[in-house]
file start12.cif (mmCIF, C-alpha atoms and all ligand atoms)
data_structure
#
loop_
_atom_site.group_PDB
_atom_site.id
_atom_site.type_symbol
_atom_site.label_atom_id
_atom_site.label_comp_id
_atom_site.auth_asym_id
_atom_site.auth_seq_id
_atom_site.Cartn_x
_atom_site.Cartn_y
_atom_site.Cartn_z
ATOM 1 C CA MET C 21 33.706 -66.382 49.913
ATOM 2 C CA GLY C 22 32.453 -63.081 48.558
ATOM 3 C CA ARG C 23 34.466 -63.592 45.416
ATOM 4 C CA HIS C 24 32.413 -66.639 44.537
ATOM 5 C CA LEU C 25 29.170 -64.755 44.867
ATOM 6 C CA GLY C 26 30.667 -62.099 42.618
ATOM 7 C CA ASN C 27 31.206 -64.814 40.055
ATOM 8 C CA VAL C 28 27.580 -65.815 40.369
ATOM 9 C CA GLU C 29 26.533 -62.266 39.664
ATOM 10 C CA LYS C 30 28.736 -62.322 36.599
ATOM 11 C CA ARG C 31 27.306 -65.609 35.463
ATOM 12 C CA LEU C 32 23.837 -64.263 36.037
ATOM 13 C CA ARG C 33 24.497 -61.889 33.151
ATOM 14 C CA HIS C 34 24.830 -64.900 30.978
ATOM 15 C CA TYR C 35 21.255 -65.791 31.822
ATOM 16 C CA LEU C 36 19.863 -62.307 32.090
ATOM 17 C CA PRO C 37 21.149 -59.944 29.410
ATOM 18 C CA GLY C 38 22.638 -56.834 31.014
ATOM 19 C CA GLY C 39 22.564 -58.586 34.357
ATOM 20 C CA ASP C 40 19.142 -57.233 35.073
ATOM 21 C CA PHE C 41 15.609 -58.483 34.811
ATOM 22 C CA LYS C 42 14.222 -57.547 31.423
ATOM 23 C CA ASN C 43 10.594 -57.183 30.435
ATOM 24 C CA VAL C 44 9.584 -56.765 34.031
ATOM 25 C CA SER C 45 8.278 -53.466 35.323
ATOM 26 C CA PRO C 46 10.688 -51.764 37.766
ATOM 27 C CA ILE C 47 8.325 -52.123 40.697
ATOM 28 C CA ARG C 48 7.658 -55.772 40.026
ATOM 29 C CA SER C 49 11.350 -56.437 39.543
ATOM 30 C CA ARG C 50 12.101 -54.833 42.902
ATOM 31 C CA THR C 51 9.420 -56.960 44.545
ATOM 32 C CA MET C 52 10.846 -60.119 43.008
ATOM 33 C CA ARG C 53 14.331 -59.306 44.135
ATOM 34 C CA ALA C 54 13.054 -58.664 47.646
ATOM 35 C CA ILE C 55 11.657 -62.183 47.852
ATOM 36 C CA LYS C 56 14.387 -64.266 49.368
ATOM 37 C CA GLY C 57 13.429 -67.452 47.649
ATOM 38 C CA ARG C 58 13.893 -69.639 50.665
ATOM 39 C CA GLY C 59 11.185 -71.737 52.189
ATOM 40 C CA THR C 60 7.994 -69.953 53.079
ATOM 41 C CA LYS C 61 7.290 -68.723 56.564
ATOM 42 C CA THR C 62 4.913 -71.642 57.061
ATOM 43 C CA THR C 63 7.494 -74.296 56.176
ATOM 44 C CA GLU C 64 10.093 -72.661 58.400
ATOM 45 C CA GLN C 65 7.668 -72.626 61.292
ATOM 46 C CA ARG C 66 6.753 -76.232 60.629
ATOM 47 C CA LEU C 67 10.400 -77.265 60.819
ATOM 48 C CA ARG C 68 10.953 -75.190 63.919
ATOM 49 C CA GLY C 69 7.925 -76.720 65.640
ATOM 50 C CA ALA C 70 9.063 -80.228 64.737
ATOM 51 C CA LEU C 71 12.562 -79.621 66.129
ATOM 52 C CA VAL C 72 11.101 -78.376 69.395
ATOM 53 C CA GLN C 73 8.719 -81.307 69.579
ATOM 54 C CA ALA C 74 11.502 -83.787 68.835
ATOM 55 C CA ARG C 75 13.511 -82.198 71.668
ATOM 56 C CA ILE C 76 16.414 -81.558 69.376
ATOM 57 C CA ARG C 77 18.493 -78.783 70.865
ATOM 58 C CA ASP C 78 21.329 -76.392 70.148
ATOM 59 C CA TRP C 79 20.062 -74.961 66.894
ATOM 60 C CA LYS C 80 19.364 -71.448 65.729
ATOM 61 C CA LEU C 81 16.754 -70.309 63.277
ATOM 62 C CA GLN C 82 18.248 -68.155 60.518
ATOM 63 C CA PRO C 83 21.199 -66.802 62.482
ATOM 64 C CA ARG C 84 22.867 -63.779 60.981
ATOM 65 C CA GLY C 85 26.290 -63.879 59.482
ATOM 66 C CA ILE C 86 26.411 -67.474 58.232
ATOM 67 C CA PHE C 87 27.378 -67.714 54.591
ATOM 68 C CA GLY C 88 24.407 -68.512 52.372
ATOM 69 C CA SER C 89 21.868 -67.656 55.121
ATOM 70 C CA PRO C 90 20.796 -71.194 56.030
ATOM 71 C CA ASP C 91 17.398 -71.648 57.639
ATOM 72 C CA VAL C 92 18.608 -73.677 60.613
ATOM 73 C CA VAL C 93 22.128 -73.936 61.991
ATOM 74 C CA PHE C 94 23.581 -76.321 64.562
ATOM 75 C CA LEU C 95 26.739 -74.382 65.310
ATOM 76 C CA SER C 96 28.346 -76.897 67.667
ATOM 77 C CA LYS C 97 27.864 -79.628 65.063
ATOM 78 C CA ASN C 98 28.751 -77.545 62.015
ATOM 79 C CA LEU C 99 25.454 -78.563 60.473
ATOM 80 C CA VAL C 100 23.430 -76.178 58.341
ATOM 81 C CA ILE C 101 19.973 -76.810 56.947
ATOM 82 C CA PHE C 102 18.312 -75.185 53.982
ATOM 83 C CA VAL C 103 14.629 -75.362 53.208
ATOM 84 C CA ASP C 104 14.200 -74.801 49.487
ATOM 85 C CA GLY C 105 10.942 -73.389 48.239
ATOM 86 C CA CYS C 106 9.735 -75.744 45.491
ATOM 87 C CA PHE C 107 8.984 -72.952 43.057
ATOM 88 C CA TRP C 108 12.029 -70.759 43.669
ATOM 89 C CA HIS C 109 14.529 -73.590 43.570
ATOM 90 C CA GLY C 110 12.972 -75.510 40.704
ATOM 91 C CA CYS C 111 11.830 -78.665 42.490
ATOM 92 C CA PRO C 112 11.625 -81.476 39.919
ATOM 93 C CA ARG C 113 8.416 -82.704 41.506
ATOM 94 C CA CYS C 114 6.447 -79.495 42.060
ATOM 95 C CA GLY C 115 8.350 -76.762 40.248
ATOM 96 C CA HIS C 116 6.612 -75.312 37.247
ATOM 97 C CA LEU C 117 7.141 -72.213 35.164
ATOM 98 C CA PRO C 118 4.372 -69.643 34.925
ATOM 99 C CA GLN C 119 3.115 -68.994 31.403
ATOM 100 C CA ALA C 120 3.815 -65.265 31.630
ATOM 101 C CA ASN C 121 7.473 -64.158 31.527
ATOM 102 C CA ARG C 122 8.639 -67.728 31.019
ATOM 103 C CA ALA C 123 12.183 -66.769 30.006
ATOM 104 C CA TYR C 124 12.526 -64.576 33.058
ATOM 105 C CA TRP C 125 11.419 -67.296 35.447
ATOM 106 C CA LYS C 126 13.593 -69.874 33.778
ATOM 107 C CA ALA C 127 16.649 -67.642 34.211
ATOM 108 C CA LYS C 128 15.728 -66.678 37.746
ATOM 109 C CA ILE C 129 15.285 -70.274 38.888
ATOM 110 C CA ALA C 130 18.453 -71.416 37.086
ATOM 111 C CA TYR C 131 20.283 -68.628 38.919
ATOM 112 C CA ASN C 132 18.881 -69.722 42.268
ATOM 113 C CA ARG C 133 19.939 -73.308 41.639
ATOM 114 C CA GLN C 134 23.427 -72.296 40.656
ATOM 115 C CA ARG C 135 23.736 -70.085 43.714
ATOM 116 C CA ASP C 136 22.570 -73.034 45.863
ATOM 117 C CA ARG C 137 25.294 -75.257 44.439
ATOM 118 C CA ILE C 138 28.021 -72.684 44.973
ATOM 119 C CA THR C 139 26.840 -71.897 48.498
ATOM 120 C CA GLU C 140 26.771 -75.584 49.367
ATOM 121 C CA ARG C 141 30.236 -76.211 47.969
ATOM 122 C CA GLU C 142 31.670 -73.255 49.905
ATOM 123 C CA LEU C 143 30.067 -74.370 53.144
ATOM 124 C CA ARG C 144 31.365 -77.929 52.705
ATOM 125 C CA LYS C 145 34.835 -76.626 51.954
ATOM 126 C CA ASN C 146 34.660 -74.769 55.242
ATOM 127 C CA GLY C 147 33.790 -77.879 57.184
ATOM 128 C CA PHE C 148 30.007 -77.627 57.323
ATOM 129 C CA VAL C 149 27.641 -80.494 56.755
ATOM 130 C CA VAL C 150 24.797 -79.322 54.542
ATOM 131 C CA LEU C 151 21.273 -80.732 54.561
ATOM 132 C CA ARG C 152 18.627 -79.545 52.132
ATOM 133 C CA PHE C 153 14.920 -80.155 52.254
ATOM 134 C CA TRP C 154 12.346 -79.351 49.655
ATOM 135 C CA GLU C 155 9.364 -77.425 50.922
ATOM 136 C CA HIS C 156 7.143 -80.362 49.871
ATOM 137 C CA GLU C 157 9.215 -82.832 51.917
ATOM 138 C CA LEU C 158 8.474 -80.829 55.048
ATOM 139 C CA ALA C 159 4.815 -80.684 54.136
ATOM 140 C CA ASP C 160 4.519 -84.377 53.218
ATOM 141 C CA ASP C 161 6.709 -86.167 55.712
ATOM 142 C CA LEU C 162 8.040 -84.039 58.507
ATOM 143 C CA GLY C 163 8.938 -87.140 60.515
ATOM 144 C CA ARG C 164 11.299 -88.325 57.813
ATOM 145 C CA CYS C 165 13.012 -84.932 57.702
ATOM 146 C CA ILE C 166 13.523 -84.985 61.471
ATOM 147 C CA LYS C 167 14.927 -88.503 61.207
ATOM 148 C CA ARG C 168 17.430 -87.328 58.618
ATOM 149 C CA ILE C 169 18.476 -84.470 60.891
ATOM 150 C CA ARG C 170 18.897 -86.876 63.829
ATOM 151 C CA THR C 171 20.962 -89.286 61.747
ATOM 152 C CA THR C 172 23.181 -86.463 60.602
ATOM 153 C CA LEU C 173 23.598 -85.159 64.140
ATOM 154 C CA SER C 174 24.671 -88.561 65.466
ATOM 155 C CA PRO C 175 25.945 -90.511 62.509
ATOM 156 C CA THR C 176 26.974 -94.143 62.703
ATOM 157 C CA LYS C 177 30.643 -94.873 62.092
ATOM 158 C CA ARG C 178 29.886 -95.965 58.578
ATOM 159 C CA SER C 179 27.976 -92.886 57.480
ATOM 160 C CA ARG C 180 30.533 -90.635 59.151
ATOM 161 C CA HIS C 181 33.207 -92.310 57.099
ATOM 162 C CA SER C 182 31.292 -91.953 53.858
ATOM 163 C CA SER C 183 30.504 -88.296 54.444
ATOM 164 C CA ARG C 184 34.199 -87.654 55.009
ATOM 165 C CA LYS C 185 34.969 -89.414 51.762
ATOM 166 C CA ARG C 186 32.380 -87.318 50.002
ATOM 167 C CA ALA C 187 33.833 -84.098 51.438
ATOM 168 C CA LYS C 188 37.260 -85.143 50.147
ATOM 169 C CA ALA C 189 35.873 -85.880 46.692
ATOM 170 C CA ASP C 190 34.200 -82.460 46.637
ATOM 171 C CA ALA C 191 37.455 -80.757 47.487
ATOM 172 C CA ASN C 192 39.233 -82.340 44.532
HETATM 173 ZN ZN ZN C 201 8.557 -79.872 45.645
#
call {"tool": "encode", "arguments": {"input": "start12.cif", "output": "structure tokens"}}
result
Amino acid sequence: MGRHLGNVEKRLRHYLPGGDFKNVSPIRSRTMRAIKGRGTKTTEQRLRGALVQARIRDWKLQPRGIFGSPDVVFLSKNLVIFVDGCFWHGCPRCGHLPQANRAYWKAKIAYNRQRDRITERELRKNGFVVLRFWEHELADDLGRCIKRIRTTLSPTKRSRHSSRKRAKADAN
């Protein structure tokens, strides 16, 4: 798995000359790198609260040691959930680029998206079911997100079949 992330780092150089953030002061660059780019604390807590309220059990919030650091993991069901911050992951509905350092942000967000795709593919290859929510989906319609989680946890025969087909197609 680590090899793939190494490839991402290499590809990042394609976006960011020298593989580093240019035209950004060292302190600011360090701060930016420190930001994980996942959902905000508020959205995570919202999801957590909704899971508790819905009496959905057997999940862990950001457990250590799972590839890609998902936000919620249902280990017994091999289900991982990511909450993507709309800005950091380039949400088509809410994502926008700041005027200052446009090229930097464009590269940074493209990198995040690419890393998301690779992480997701790796997890699927290893038998995980991956669900992703945009930050705005949690804010707008938490009930719908919970419904999607429930459906995934106890799929009907039909959807189980189609997700297996999808996993096979991904592997090819
Ligand atoms: Zn959004």
call {"tool": "atom_distance", "arguments": {"input": "start12.cif", "atom1": "atom CA of C:Leu81", "atom2": "atom CA of C:Thr62"}}
result
13.4 Å
call {"tool": "residues_near_ligand", "arguments": {"input": "start12.cif", "ligand": "ligand ZN 201 (chain C)", "cutoff": "9 Å", "atoms": "all atoms listed in the file", "output": "ChimeraX atom specification"}}
result
/C:104-107,109-115,154-157
call {"tool": "resolve_selection", "arguments": {"input": "start12.cif", "expression": "the PyMOL selection byres (((chain C and resi 139-152) around 8) and not hetatm)", "output": "ChimeraX atom specification"}}
result
/C:21,87-88,98-104,135-138,153-154,169,187,190-191
call {"tool": "axis_aligned_box", "arguments": {"input": "start12.cif", "around": "stretch 125-133 of chain C", "padding_each_side": "8 Å", "output": "JSON"}}
result
{"center_x": 15.9, "center_y": -70.0, "center_z": 38.0, "size_x": 24.9, "size_y": 22.6, "size_z": 24.5}
call {"tool": "atom_distance", "arguments": {"input": "start12.cif", "atom1": "atom CA of C:Lys80", "atom2": "atom CA of C:Leu162"}}
result
18.4 Å
call {"tool": "atom_distance", "arguments": {"input": "start12.cif", "atom1": "atom CA of C:Val72", "atom2": "atom CA of C:Pro90"}}
result
18.0 Å
call {"tool": "resolve_selection", "arguments": {"input": "start12.cif", "expression": "the PyMOL selection byres (((chain C and resi 173) around 10) and not hetatm)", "output": "PyMOL selection string"}}
result
chain C and resi 76+94+97-99+149+167-172+174-176
